[in-house]
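Enquirer: Got a structure for you, questions after.
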Amino acid sequence: MADTSSTSGGLTLPQQRQRAAFWFLAPMLFALFCVAAWPLGRTIWFSLTDTTLSNLYGGKFIGFDNYLSMRTLSSGKVIWRGTLVDPAWWNAVWNTVRFSVVSVTLETLLGLIVALVLNAEFKGRGLVRAAILIPWAIPTIVSAKMWSWMLNDQYGIINDMLLRLGVIDQKIAWTANVDTAMAAVLLVDVWKTTPFMALLILAGLQMVPRDIYEAARIDGVHPVRVFFKVTLPLIRPALMVAVIFRMLDALRIFDLVYVLTPNSAATKTMSVIARENLIDFDKFAYGSAQSTLLFAILSVFVALYIWLGKVDLAGDGGK
Amino acid sequence: MSIITGRALRSAAFGALLAGLGLPALAADITYVSGAVGNAVENFKSLVKPWEEATGNTVTLVPMPASTTDQFGQYRLWLAAGNADVDLYQTDVIWAPQLADQFVDLTEAAKDLAPQHFPSIIESQTVDGKLVALPIFTDAPALYYRKDLLDKYGKQPPKTWEELGVIAKEIQDAERAAGNPDLWGFVWQGNAYEGLTCNALEWVKSFGGGQIVEPDGSISINNPQAVAALELAKSWVGTVSPGGVLAYQEEEARGVWQTGNAVFMRNWPYAYTLGNGDDSAVKGKFDVVPLPTGGGNDTSAATLGGWNVAVSKYSKNQEAAISLALYLAGPEAQKQRALNESNLPTIVALYDDPDIAAQQPIIPRWKDVFLQAVPRPSAPTKGKYNEVSSKFWSAVHSTLSGEGTAAENLEVLEADLTDLKGSGW
Amino acid sequence: MNVQAVAGRIAFYALVAVIVVFSIFPFYYAIVTSFATGTGLFEVNYWPRQFNLANYETVLSGRTFPRNIFNSIFIATMTVVFALFLAVTASYALARVRFRGRGLLLMTILAVSMFPQIAVLAGLFELIRFLGLFNTPWALILSYTIFTLPFTVWVLTTFMRDLPVEIEEAAIVDGATPWVIITRVFLPLLWPALVTTGLLAFIGAWNEFLFALTFTSSETTRTTPVAIAMLSGASQQEIPWGPIMAASVIVTVPLVILVLIFQRKIVAGLTAGGVKG
């Protein structure tokens, strides 16, 4: 990558440019401070207090009690309280992680297939490309409603199709059944976000020079081998970035679960349980603690991913 | 930044100036938020028109999603932030104890009106002696049954849940053999949500198993009658009720019912009018009775629903807002609601009103159902009600889907609720 | 060989067909449903049996739906303008100027894109009330920067970094200020990336639900996703599937058209630099 610092000009030029850079960055940083840093700071603060929604400004500082606290009962028995020993929270963490890993894996594989198809030259490619983008353009709230309609056990079309095809012999209540609720959420999420994944991978694929394929074809290398030896390494950076953006979205998933299976313990994710405590239950501070933990988990995950995957996100390339 | 805060300061100063001048006679614009269904907005306009003309004030309705959970979340956030843009909230019957701190006490203002209402409803809206909201209409479910099918097999509407199961099974089997493979015996609301709390409370209470948490705050749910009630309900799933009933809310149940695919249905009054719609497969073929009893107990139970109006503490037009609340809860407005929207009145006298009897014959009939109404335990559990309800419906849902027996799940539920209660609700 | 090629061709088109059907079937089914009314809704139909526009009439003659569409267009457009303006200058600084802590700053911006919406809801609500923006379109335009800005800055930064040094050098030698460099030199080259990121931001803002629900308190300031969630049947428990599907179709069609127009550009914009590692 080209060195971007000024290669000519006086000594003061870099300083001048740095000053300009500061003013260019300031509005964006200010905007991000207002809409992100400040609200997050408030949430972290709330998580250390006993604030309730009916008394938003009167919370007292109680340290980490919302996370973990120990109490000795009069009988001498010691009990632990707080999010960190709450089975409902760990169930949500487990659900979220399971959902994220499965959905991102499926979306990456399917996205790759779709991208490879779209990268080939064929008639009507533009139309197909537009068609696969439709799921992504439909508002989540709408697609969740659409799917819950299609997945309905009595008059949903999915059951009707599967019955006709003989795959199932009686109607299944997809979103209610503990065993299928997660599958239903996964199905909808894969449907909705595979196009985005395919798009990002396609962008990576199109940067692979055509003459490489040409050369491989002339040398008689098997296409599968070309894919693994040439294409995949070349699109790896694009793939890694696409995966992390999707992963971040998946770990935060809220609206889809909230509309499709709002109360099912089998699909309740971290965001959903945090909202439940923040708003529905009278445990605002407790919910804030869960939101803070969610943020912490995401940060650790991203740090690990960047470190282990050696993803060069900053693009400084070791400079 | 400076521009924005400058403007904010200026508008604040302007507001203070107006307040300082004190212009009480100025016509107020009252904002009313409410979950809105159907023609609610148009109906509401005509409903408040007399009040607007009498007082010179105007009313703006802000319709909200029909989902009560969504409404509740929204209102709670707005109230927490001291939102002064909304003067009146239309509240669910179970919200009063949870939002009590942020509403104005209406005891004094409604001292003439309150005694005209059913005392149980007024009581449900009273928290620590403070009248938090005024009832504007009520709601209670009933048992819908297919007259034609029951007649065909020579049956009477069931008096007990056990009987219901037997009749449902018999008709279902016979009809299926006769070439009606999609017919089910009984549909109800088994999804894990507030509606399941309502359904299960009806079973438990009608079996004589108490109402989860008693009015004095004691946790009563772990008892043999409650276990028997849940075990009976469990036996329906997959036999007389479709397995998918565990995902049903009101609309799914109505969907099965209205396409003619169910013998019995537990539902709210709304399904009555819709079931008699022109494109309904069951038009004119069904009727309603109060829900059955069970386990040898002789009183049935119908969960009390319904809506109320509460005045926000942060309203800048409290006087006008209270006046509107009184109007909406009063006989004139309730009668109009009953006539136009078939909402059940909360004023006792309206059940004998000849106009209502003539135009909405279903309303006087619902009085029997309504007399057996039980409240959900929102009053004793106060701010923790949602969590109590969520734990209850989860335990019931687990039982119904075969994860653990009723006895096991209710025992765990009792322990959980005791933990939640701590030293007091 | 020839048979194999033909078979391969058929398999390929079969795969294309599967992808297309899977992608558009739910939307197709929504359209079919939107033409049905009453009890007809509760029957499974693969082909439109009824062609009844009643649901569309219900939605469009609704009190505020046209107004909600206008709000959505306005808010999404302003969000795009706002995000692009802030992002172009910022990413110029991030991509073309070397200064200490640049990598850290980029990481911080990335960190913002992983804030859970629910975690900032309460704080953002306070801020919006403090600024007096509650129940105005500006509340949403401001709050949407939390998810549009990081992404936009990222894509534009990677894009600009890959542009050759020479194009800037000439301008620097001529003594052009950084502002002139951005507007005269970079902006014309940035179009593909701007179209892509702009479209992504537009779709993000168009689809957002939670903030839109929380930060508005009147029918006339709502956006379309909220308006759809508010569509209600004749009673509390009734869900009006027909009108919901009709409204969904109405809301989705503009996006589909946008995507159809720009689909080539979207890929081009991303290719040109968007997702390069």
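Each chain of the structure tokens is named A, B, ... in the order shown, its residues numbered from 1; ligands are numbered from 1 in display order.
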Do a neighbour search on Leu127 in chain C at 9 Å with only C-alpha atoms, toss out local chain neighbours closer than 5 positions, and write the hits as a ChimeraX atom specification.
Expert: /A:34-35,38-39 /C:122,132-133
Enquirer: Given the selection you just returned, output its residues as a file containing all heavy atoms, formatted as a PDB file, in the first residue's frame.
Expert:
```
ATOM      1  N   CYS A  34     -21.680  12.336  21.402  1.00  0.00           N
ATOM      2  CA  CYS A  34     -23.051  12.603  21.850  1.00  0.00           C
ATOM      3  C   CYS A  34     -23.926  11.366  21.756  1.00  0.00           C
ATOM      4  O   CYS A  34     -24.627  11.023  22.704  1.00  0.00           O
ATOM      5  CB  CYS A  34     -23.698  13.685  20.997  1.00  0.00           C
ATOM      6  SG  CYS A  34     -23.119  15.301  21.400  1.00  0.00           S
ATOM      7  N   VAL A  35     -23.896  10.703  20.599  1.00  0.00           N
ATOM      8  CA  VAL A  35     -24.875   9.636  20.405  1.00  0.00           C
ATOM      9  C   VAL A  35     -24.397   8.287  20.907  1.00  0.00           C
ATOM     10  O   VAL A  35     -25.188   7.368  21.037  1.00  0.00           O
ATOM     11  CB  VAL A  35     -25.312   9.496  18.922  1.00  0.00           C
ATOM     12  CG1 VAL A  35     -25.944  10.766  18.435  1.00  0.00           C
ATOM     13  CG2 VAL A  35     -24.140   9.108  18.052  1.00  0.00           C
ATOM     14  N   TRP A  38     -21.544   9.101  25.426  1.00  0.00           N
ATOM     15  CA  TRP A  38     -22.303   9.602  26.561  1.00  0.00           C
ATOM     16  C   TRP A  38     -23.410   8.632  26.990  1.00  0.00           C
ATOM     17  O   TRP A  38     -23.464   8.245  28.155  1.00  0.00           O
ATOM     18  CB  TRP A  38     -22.844  11.002  26.249  1.00  0.00           C
ATOM     19  CG  TRP A  38     -23.929  11.459  27.147  1.00  0.00           C
ATOM     20  CD1 TRP A  38     -25.249  11.505  26.877  1.00  0.00           C
ATOM     21  CD2 TRP A  38     -23.788  11.924  28.489  1.00  0.00           C
ATOM     22  NE1 TRP A  38     -25.946  11.964  27.954  1.00  0.00           N
ATOM     23  CE2 TRP A  38     -25.070  12.233  28.967  1.00  0.00           C
ATOM     24  CE3 TRP A  38     -22.679  12.094  29.344  1.00  0.00           C
ATOM     25  CZ2 TRP A  38     -25.299  12.715  30.244  1.00  0.00           C
ATOM     26  CZ3 TRP A  38     -22.923  12.584  30.610  1.00  0.00           C
ATOM     27  CH2 TRP A  38     -24.209  12.878  31.056  1.00  0.00           C
ATOM     28  N   PRO A  39     -24.258   8.195  26.067  1.00  0.00           N
ATOM     29  CA  PRO A  39     -25.296   7.238  26.487  1.00  0.00           C
ATOM     30  C   PRO A  39     -24.710   5.949  27.073  1.00  0.00           C
ATOM     31  O   PRO A  39     -25.207   5.437  28.070  1.00  0.00           O
ATOM     32  CB  PRO A  39     -26.060   6.934  25.197  1.00  0.00           C
ATOM     33  CG  PRO A  39     -25.834   8.108  24.337  1.00  0.00           C
ATOM     34  CD  PRO A  39     -24.455   8.582  24.657  1.00  0.00           C
TER      35      PRO A  39
ATOM     36  N   ALA C 122     -31.545   4.548  26.811  1.00  0.00           N
ATOM     37  CA  ALA C 122     -31.930   5.457  27.881  1.00  0.00           C
ATOM     38  C   ALA C 122     -31.115   6.746  27.843  1.00  0.00           C
ATOM     39  O   ALA C 122     -31.656   7.851  27.949  1.00  0.00           O
ATOM     40  CB  ALA C 122     -31.783   4.763  29.225  1.00  0.00           C
ATOM     41  N   GLY C 132     -33.991  19.203  23.265  1.00  0.00           N
ATOM     42  CA  GLY C 132     -35.313  19.642  22.825  1.00  0.00           C
ATOM     43  C   GLY C 132     -35.702  19.068  21.478  1.00  0.00           C
ATOM     44  O   GLY C 132     -36.482  19.664  20.733  1.00  0.00           O
ATOM     45  N   LEU C 133     -35.139  17.905  21.122  1.00  0.00           N
ATOM     46  CA  LEU C 133     -35.424  17.343  19.795  1.00  0.00           C
ATOM     47  C   LEU C 133     -36.496  16.272  19.828  1.00  0.00           C
ATOM     48  O   LEU C 133     -36.859  15.733  18.785  1.00  0.00           O
ATOM     49  CB  LEU C 133     -34.144  16.725  19.213  1.00  0.00           C
ATOM     50  CG  LEU C 133     -32.992  17.668  18.968  1.00  0.00           C
ATOM     51  CD1 LEU C 133     -31.796  16.911  18.420  1.00  0.00           C
ATOM     52  CD2 LEU C 133     -33.405  18.752  17.987  1.00  0.00           C
TER      53      LEU C 133
END
```
Enquirer: At a cut-off of 7 Å, using only C-alpha atoms, what residues contact range 110-114 of chain A? Leave out same-chain residues fewer than 6 positions from it and give the result as a list in words.
Expert: Thr194, Pro195, Met197, Ala198 and Ile201 of chain A
Enquirer: Compute the chain B side of the contact with chain A at 6 Å, counting only C-alpha atoms, and hand it back as an NGL selection string.
Expert: :B and (73 or 80 or 192 or 244 or 246-247 or 383 or 386-387)
Enquirer: Which residue is closest to Ala250 in chain A? Choose from C:Asn71, C:Asn207, C:Pro116, C:Phe82 and count only C-alpha atoms.
Expert: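 When distances to Ala250 in chain A are compared using only C-alpha atoms, the smallest one comes from C:Pro116.
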Enquirer: Please identify all polymer residues within 12 Å of Ala329 in chain B, counting only C-alpha atoms, omitting same-chain residues fewer than 5 positions from it, and present them as a PyMOL selection string.
Expert: chain B and resi 47-48+90+106+109-110+112-117+122+133-138+307-310+322-324+334-337+345-347
Enquirer: Need to verify the contact set: Ala338 in chain B, 12 Å, only C-alpha atoms, exclusion of same-chain residues closer than 3 positions in sequence. Can you return it as a VMD selection string?
Expert: chain B and resid 43 47 136 to 139 331 to 335 341 to 347 350 to 351 353 355 to 364
Enquirer: Atoms to include: N, CA, C and O atoms. Write the selected residues as a short mmCIF file (atom, residue, chain, number, x, y, z; two decimals), in the first residue's frame.
Expert:
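Dumped everything to part.cif:
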```cif
data_model
loop_
_atom_site.label_atom_id
_atom_site.label_comp_id
_atom_site.auth_asym_id
_atom_site.auth_seq_id
_atom_site.Cartn_x
_atom_site.Cartn_y
_atom_site.Cartn_z
N ASN B 43 -63.55 7.02 16.07
CA ASN B 43 -64.50 6.88 17.17
C ASN B 43 -64.14 7.80 18.33
O ASN B 43 -65.01 8.39 18.95
N LEU B 47 -66.20 10.67 20.17
CA LEU B 47 -66.41 10.44 21.59
C LEU B 47 -66.10 11.69 22.42
O LEU B 47 -66.84 12.03 23.35
N ILE B 136 -62.42 2.81 31.91
CA ILE B 136 -63.29 3.29 30.82
C ILE B 136 -64.03 2.16 30.13
O ILE B 136 -65.10 2.34 29.61
N PHE B 137 -63.45 0.98 30.10
CA PHE B 137 -64.23 -0.19 29.70
C PHE B 137 -63.54 -1.43 30.21
O PHE B 137 -62.38 -1.39 30.62
N THR B 138 -64.25 -2.54 30.21
CA THR B 138 -63.68 -3.76 30.77
C THR B 138 -63.75 -4.88 29.75
O THR B 138 -64.30 -4.71 28.66
N ASP B 139 -63.16 -5.99 30.09
CA ASP B 139 -63.03 -7.08 29.14
C ASP B 139 -62.96 -8.37 29.95
O ASP B 139 -62.34 -8.40 31.01
N PRO B 331 -70.66 7.97 32.53
CA PRO B 331 -71.71 7.19 31.87
C PRO B 331 -71.91 7.56 30.40
O PRO B 331 -72.11 6.67 29.56
N GLU B 332 -71.84 8.84 30.10
CA GLU B 332 -72.11 9.27 28.73
C GLU B 332 -71.12 8.66 27.74
O GLU B 332 -71.50 8.05 26.73
N ALA B 333 -69.83 8.80 28.06
CA ALA B 333 -68.79 8.28 27.17
C ALA B 333 -68.82 6.75 27.13
O ALA B 333 -68.64 6.14 26.08
N GLN B 334 -69.05 6.13 28.28
CA GLN B 334 -69.06 4.67 28.32
C GLN B 334 -70.21 4.10 27.50
O GLN B 334 -70.08 3.08 26.83
N LYS B 335 -71.34 4.78 27.54
CA LYS B 335 -72.48 4.32 26.77
C LYS B 335 -72.17 4.41 25.27
O LYS B 335 -72.47 3.49 24.50
N GLU B 341 -68.57 0.59 19.81
CA GLU B 341 -67.45 -0.35 19.71
C GLU B 341 -67.69 -1.63 20.47
O GLU B 341 -66.78 -2.41 20.68
N SER B 342 -68.88 -1.83 20.97
CA SER B 342 -69.26 -2.95 21.84
C SER B 342 -68.25 -3.20 22.95
O SER B 342 -67.94 -4.33 23.27
N ASN B 343 -67.70 -2.13 23.51
CA ASN B 343 -66.85 -2.25 24.70
C ASN B 343 -67.75 -2.45 25.92
O ASN B 343 -68.80 -1.81 26.04
N LEU B 344 -67.33 -3.32 26.83
CA LEU B 344 -68.14 -3.57 28.01
C LEU B 344 -68.00 -2.43 29.01
O LEU B 344 -66.89 -2.10 29.40
N PRO B 345 -69.12 -1.83 29.43
CA PRO B 345 -69.04 -0.71 30.37
C PRO B 345 -68.58 -1.17 31.76
O PRO B 345 -68.70 -2.35 32.10
N THR B 346 -68.05 -0.24 32.54
CA THR B 346 -67.68 -0.57 33.92
C THR B 346 -68.66 0.06 34.90
O THR B 346 -68.51 -0.06 36.10
N ILE B 347 -69.64 0.79 34.36
CA ILE B 347 -70.66 1.39 35.21
C ILE B 347 -71.83 0.42 35.29
O ILE B 347 -72.38 0.01 34.26
N LEU B 350 -75.26 0.71 33.39
CA LEU B 350 -75.33 0.62 31.93
C LEU B 350 -75.72 -0.77 31.43
O LEU B 350 -76.15 -0.93 30.30
N TYR B 351 -75.56 -1.80 32.28
CA TYR B 351 -75.93 -3.13 31.85
C TYR B 351 -77.45 -3.28 31.75
O TYR B 351 -77.95 -4.23 31.17
N ASP B 353 -79.25 -0.69 30.59
CA ASP B 353 -79.66 0.40 29.70
C ASP B 353 -80.41 -0.16 28.50
O ASP B 353 -79.91 -1.07 27.82
N ASP B 355 -81.09 1.10 25.51
CA ASP B 355 -80.47 1.33 24.20
C ASP B 355 -79.37 0.30 23.94
O ASP B 355 -79.26 -0.25 22.84
N ILE B 356 -78.56 0.07 24.98
CA ILE B 356 -77.48 -0.89 24.83
C ILE B 356 -78.05 -2.28 24.60
O ILE B 356 -77.60 -3.01 23.70
N ALA B 357 -79.06 -2.62 25.38
CA ALA B 357 -79.66 -3.94 25.23
C ALA B 357 -80.21 -4.14 23.83
O ALA B 357 -80.13 -5.22 23.25
N ALA B 358 -80.76 -3.07 23.25
CA ALA B 358 -81.35 -3.16 21.93
C ALA B 358 -80.29 -3.26 20.84
O ALA B 358 -80.39 -4.08 19.93
N GLN B 359 -79.25 -2.41 20.95
CA GLN B 359 -78.27 -2.35 19.85
C GLN B 359 -77.13 -3.33 20.01
O GLN B 359 -76.52 -3.75 19.02
N GLN B 360 -76.76 -3.64 21.25
CA GLN B 360 -75.64 -4.54 21.49
C GLN B 360 -76.10 -5.63 22.45
O GLN B 360 -75.66 -5.67 23.60
N PRO B 361 -76.94 -6.53 21.99
CA PRO B 361 -77.52 -7.52 22.92
C PRO B 361 -76.45 -8.35 23.62
O PRO B 361 -76.69 -8.92 24.68
N ILE B 362 -75.26 -8.40 23.03
CA ILE B 362 -74.22 -9.23 23.63
C ILE B 362 -73.76 -8.66 24.97
O ILE B 362 -73.33 -9.39 25.87
N ILE B 363 -73.86 -7.35 25.13
CA ILE B 363 -73.30 -6.74 26.35
C ILE B 363 -74.01 -7.20 27.62
O ILE B 363 -73.36 -7.65 28.55
N PRO B 364 -75.34 -7.11 27.68
CA PRO B 364 -75.99 -7.61 28.90
C PRO B 364 -75.69 -9.09 29.15
O PRO B 364 -75.57 -9.52 30.28
#
```
Enquirer: For the atom pair CA of Val102 in chain A and CA of Thr267 in chain A, what is the interatomic distance in Å to one decimal place?
Expert: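 These two atoms are separated by 13.2 Å.
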Enquirer: Going by DSSP on the backbone, which residues of range 36-284 of chain B come out as strand (DSSP E)? List them as a VMD selection string.
Expert: chain B and resid 58 to 64 88 to 92 126 to 127 130 to 131 134 to 137 142 to 146 184 to 187 262 to 267
Enquirer: If you keep N, CA and C atoms, can you produce a file of those selected residues as a short mmCIF file (atom, residue, chain, number, x, y, z; two decimals), in the first residue's frame?
Expert:
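And here is the file that came out, selection.cif:
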```cif
data_model
loop_
_atom_site.label_atom_id
_atom_site.label_comp_id
_atom_site.auth_asym_id
_atom_site.auth_seq_id
_atom_site.Cartn_x
_atom_site.Cartn_y
_atom_site.Cartn_z
N THR B 58 -58.99 21.13 23.27
CA THR B 58 -58.95 20.16 22.19
C THR B 58 -58.17 18.92 22.64
N VAL B 59 -58.44 17.79 21.99
CA VAL B 59 -57.78 16.55 22.35
C VAL B 59 -57.09 15.96 21.13
N THR B 60 -55.83 15.53 21.30
CA THR B 60 -55.13 14.82 20.23
C THR B 60 -54.88 13.41 20.69
N LEU B 61 -55.27 12.45 19.85
CA LEU B 61 -55.02 11.05 20.20
C LEU B 61 -53.74 10.59 19.52
N VAL B 62 -52.84 9.98 20.28
CA VAL B 62 -51.65 9.36 19.70
C VAL B 62 -51.85 7.85 19.75
N PRO B 63 -52.10 7.22 18.60
CA PRO B 63 -52.32 5.77 18.63
C PRO B 63 -51.00 5.02 18.80
N MET B 64 -51.06 3.95 19.55
CA MET B 64 -49.86 3.15 19.84
C MET B 64 -50.07 1.73 19.32
N LEU B 88 -52.49 12.27 29.11
CA LEU B 88 -53.30 11.15 29.58
C LEU B 88 -52.81 9.85 28.95
N TYR B 89 -52.77 8.81 29.77
CA TYR B 89 -52.39 7.50 29.28
C TYR B 89 -53.57 6.55 29.41
N GLN B 90 -53.82 5.77 28.37
CA GLN B 90 -54.81 4.70 28.52
C GLN B 90 -54.07 3.46 29.00
N THR B 91 -54.42 2.97 30.20
CA THR B 91 -53.60 1.94 30.82
C THR B 91 -54.34 0.62 30.95
N ASP B 92 -53.59 -0.46 30.84
CA ASP B 92 -54.13 -1.80 31.03
C ASP B 92 -54.46 -1.97 32.51
N THR B 126 -56.69 1.00 42.54
CA THR B 126 -56.32 1.76 43.74
C THR B 126 -55.06 1.15 44.34
N VAL B 127 -54.03 1.96 44.50
CA VAL B 127 -52.77 1.49 45.06
C VAL B 127 -52.45 2.28 46.32
N LYS B 130 -54.49 5.25 46.82
CA LYS B 130 -54.45 6.26 45.78
C LYS B 130 -55.15 5.72 44.53
N LEU B 131 -56.14 6.43 44.04
CA LEU B 131 -56.84 6.00 42.83
C LEU B 131 -56.00 6.44 41.62
N LEU B 134 -58.87 5.70 36.13
CA LEU B 134 -60.32 5.49 36.12
C LEU B 134 -60.68 4.53 35.00
N PRO B 135 -61.50 3.53 35.29
CA PRO B 135 -61.85 2.55 34.26
C PRO B 135 -62.72 3.16 33.16
N ILE B 136 -62.42 2.81 31.91
CA ILE B 136 -63.29 3.29 30.82
C ILE B 136 -64.03 2.16 30.13
N PHE B 137 -63.45 0.98 30.10
CA PHE B 137 -64.23 -0.19 29.70
C PHE B 137 -63.54 -1.43 30.21
N ALA B 142 -64.81 -15.58 27.42
CA ALA B 142 -65.88 -16.54 27.61
C ALA B 142 -65.59 -17.76 26.76
N LEU B 143 -66.43 -18.79 26.93
CA LEU B 143 -66.28 -20.00 26.11
C LEU B 143 -67.18 -19.90 24.89
N TYR B 144 -66.56 -19.93 23.72
CA TYR B 144 -67.32 -19.94 22.48
C TYR B 144 -67.58 -21.40 22.11
N TYR B 145 -68.78 -21.72 21.70
CA TYR B 145 -69.02 -23.09 21.26
C TYR B 145 -69.85 -23.11 19.99
N ARG B 146 -69.68 -24.20 19.22
CA ARG B 146 -70.39 -24.35 17.96
C ARG B 146 -71.75 -24.96 18.24
N TRP B 184 -60.57 -29.40 15.14
CA TRP B 184 -60.01 -29.58 16.47
C TRP B 184 -61.09 -29.33 17.51
N GLY B 185 -60.89 -29.92 18.70
CA GLY B 185 -61.91 -29.81 19.74
C GLY B 185 -61.94 -28.45 20.42
N PHE B 186 -60.76 -27.96 20.82
CA PHE B 186 -60.73 -26.77 21.68
C PHE B 186 -59.47 -25.95 21.36
N VAL B 187 -59.66 -24.69 21.04
CA VAL B 187 -58.49 -23.82 20.86
C VAL B 187 -58.49 -22.71 21.90
N ALA B 262 -62.84 -25.50 14.73
CA ALA B 262 -62.78 -25.79 16.16
C ALA B 262 -64.19 -25.88 16.72
N VAL B 263 -64.35 -26.76 17.72
CA VAL B 263 -65.65 -26.91 18.37
C VAL B 263 -65.80 -25.86 19.49
N PHE B 264 -64.70 -25.70 20.26
CA PHE B 264 -64.73 -24.72 21.35
C PHE B 264 -63.58 -23.75 21.22
N MET B 265 -63.78 -22.55 21.74
CA MET B 265 -62.67 -21.59 21.78
C MET B 265 -62.82 -20.74 23.04
N ARG B 266 -61.67 -20.47 23.68
CA ARG B 266 -61.67 -19.51 24.79
C ARG B 266 -61.17 -18.21 24.19
N ASN B 267 -61.99 -17.16 24.25
CA ASN B 267 -61.53 -15.89 23.69
C ASN B 267 -62.30 -14.71 24.28
#
```
Enquirer: Interatomic distance between CA of Thr31 in chain B and CA of Leu99 in chain B?
Expert: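 CA of Leu99 in chain B lies 18.3 Å from CA of Thr31 in chain B.
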Enquirer: Measuring between only C-alpha atoms, which one of B:Ala226, B:Val86, B:Ala168, B:Val412 shows the shortest distance to chain C?
Expert: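 Result for the nearest residue to chain C: B:Val86.
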Enquirer: Taking only C-alpha atoms into account, name the residue in A:Ser143, A:Gly287, A:Ser69, A:Ala37 that is nearest to Leu187 in chain A.
Expert: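 Under the stated criterion, the closest residue is A:Ser143.
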Enquirer: DSSP on the backbone, alpha helix (DSSP H) only: what residues of range 22-248 of chain C does that give? Format it as a ChimeraX atom specification.
Expert: /C:22-34,54-60,65-96,102-112,117-130,137-161,166-173,178-180,187-207,210-214,224-230,241-248
Enquirer: Just how far from CA of Trp191 in chain C is CA of Pro178 in chain C, in Å to one decimal?
Expert: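 Between CA of Pro178 in chain C and CA of Trp191 in chain C the gap works out to 18.7 Å.
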Enquirer: Find the residue from A:Ala184, A:Ile273, A:Ala266, A:Val190 that sits nearest to Ile158 in chain A; use only C-alpha atoms when measuring.
Expert: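 Smallest separation from Ile158 in chain A among the options: A:Ala184.
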Enquirer: Quick one: residues within 8 Å of Ser143 in chain C, only C-alpha atoms, excluding same-chain residues fewer than 4 positions away - as a list in words?
Expert: Val35 of chain A; Leu124, Ala139 and Phe211 of chain C
Enquirer: Find the residues around Gly82 in chain A up to 12 Å (only C-alpha atoms counted), leave out those fewer than 5 positions away in its own chain, and share them as a list in words.
Expert: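 The contact residues come out as Ser47, Leu48, Gly63, Phe64, Asp65, Asn66, Tyr67, Leu68, Ser69, Met70, Arg71, Pro87, Ala88, Trp89, Trp90, Lys283, Ala285, Tyr286, Gly287, Ala289 and Gln290 of chain A.
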Enquirer: For the residues selected in the previous step, produce a file with C-alpha atoms as a short mmCIF file (atom, residue, chain, number, x, y, z; two decimals), in the first residue's frame.
Expert:
```cif
data_model
loop_
_atom_site.label_atom_id
_atom_site.label_comp_id
_atom_site.auth_asym_id
_atom_site.auth_seq_id
_atom_site.Cartn_x
_atom_site.Cartn_y
_atom_site.Cartn_z
CA SER A 47 -25.40 -0.48 36.24
CA LEU A 48 -23.47 0.52 39.37
CA GLY A 63 -20.84 -0.89 43.47
CA PHE A 64 -20.95 -4.17 41.62
CA ASP A 65 -23.98 -5.63 43.39
CA ASN A 66 -25.92 -5.86 40.13
CA TYR A 67 -23.18 -8.02 38.73
CA LEU A 68 -22.40 -10.14 41.76
CA SER A 69 -23.08 -9.83 45.42
CA MET A 70 -22.81 -12.09 48.39
CA ARG A 71 -25.22 -12.23 51.25
CA PRO A 87 -29.07 -18.83 35.01
CA ALA A 88 -31.45 -16.83 32.78
CA TRP A 89 -28.56 -14.57 31.77
CA TRP A 90 -26.21 -17.45 30.99
CA LYS A 283 -34.99 -3.84 37.26
CA ALA A 285 -30.07 -1.13 36.95
CA TYR A 286 -29.91 -4.88 36.55
CA GLY A 287 -30.75 -4.56 32.86
CA ALA A 289 -25.58 -4.29 34.01
CA GLN A 290 -26.59 -6.83 31.38
#
```
Enquirer: Taking only C-alpha atoms into account, name the residue in B:Thr107, B:Asn261, B:Asn223, B:Asn199 that is nearest to chain C.
Expert: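 The shortest atom-to-atom distance to chain C comes from B:Asn261.
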Enquirer: Report as a PyMOL selection string all protein, DNA and RNA residues lying within 8 Å of range 17-28 of chain C, evaluated on only C-alpha atoms, omitting residues in the same chain fewer than 3 positions from it.
Expert: (chain A and resi 114+128+131-135+146-147+150+191) or (chain C and resi 13-14+31-32+249)
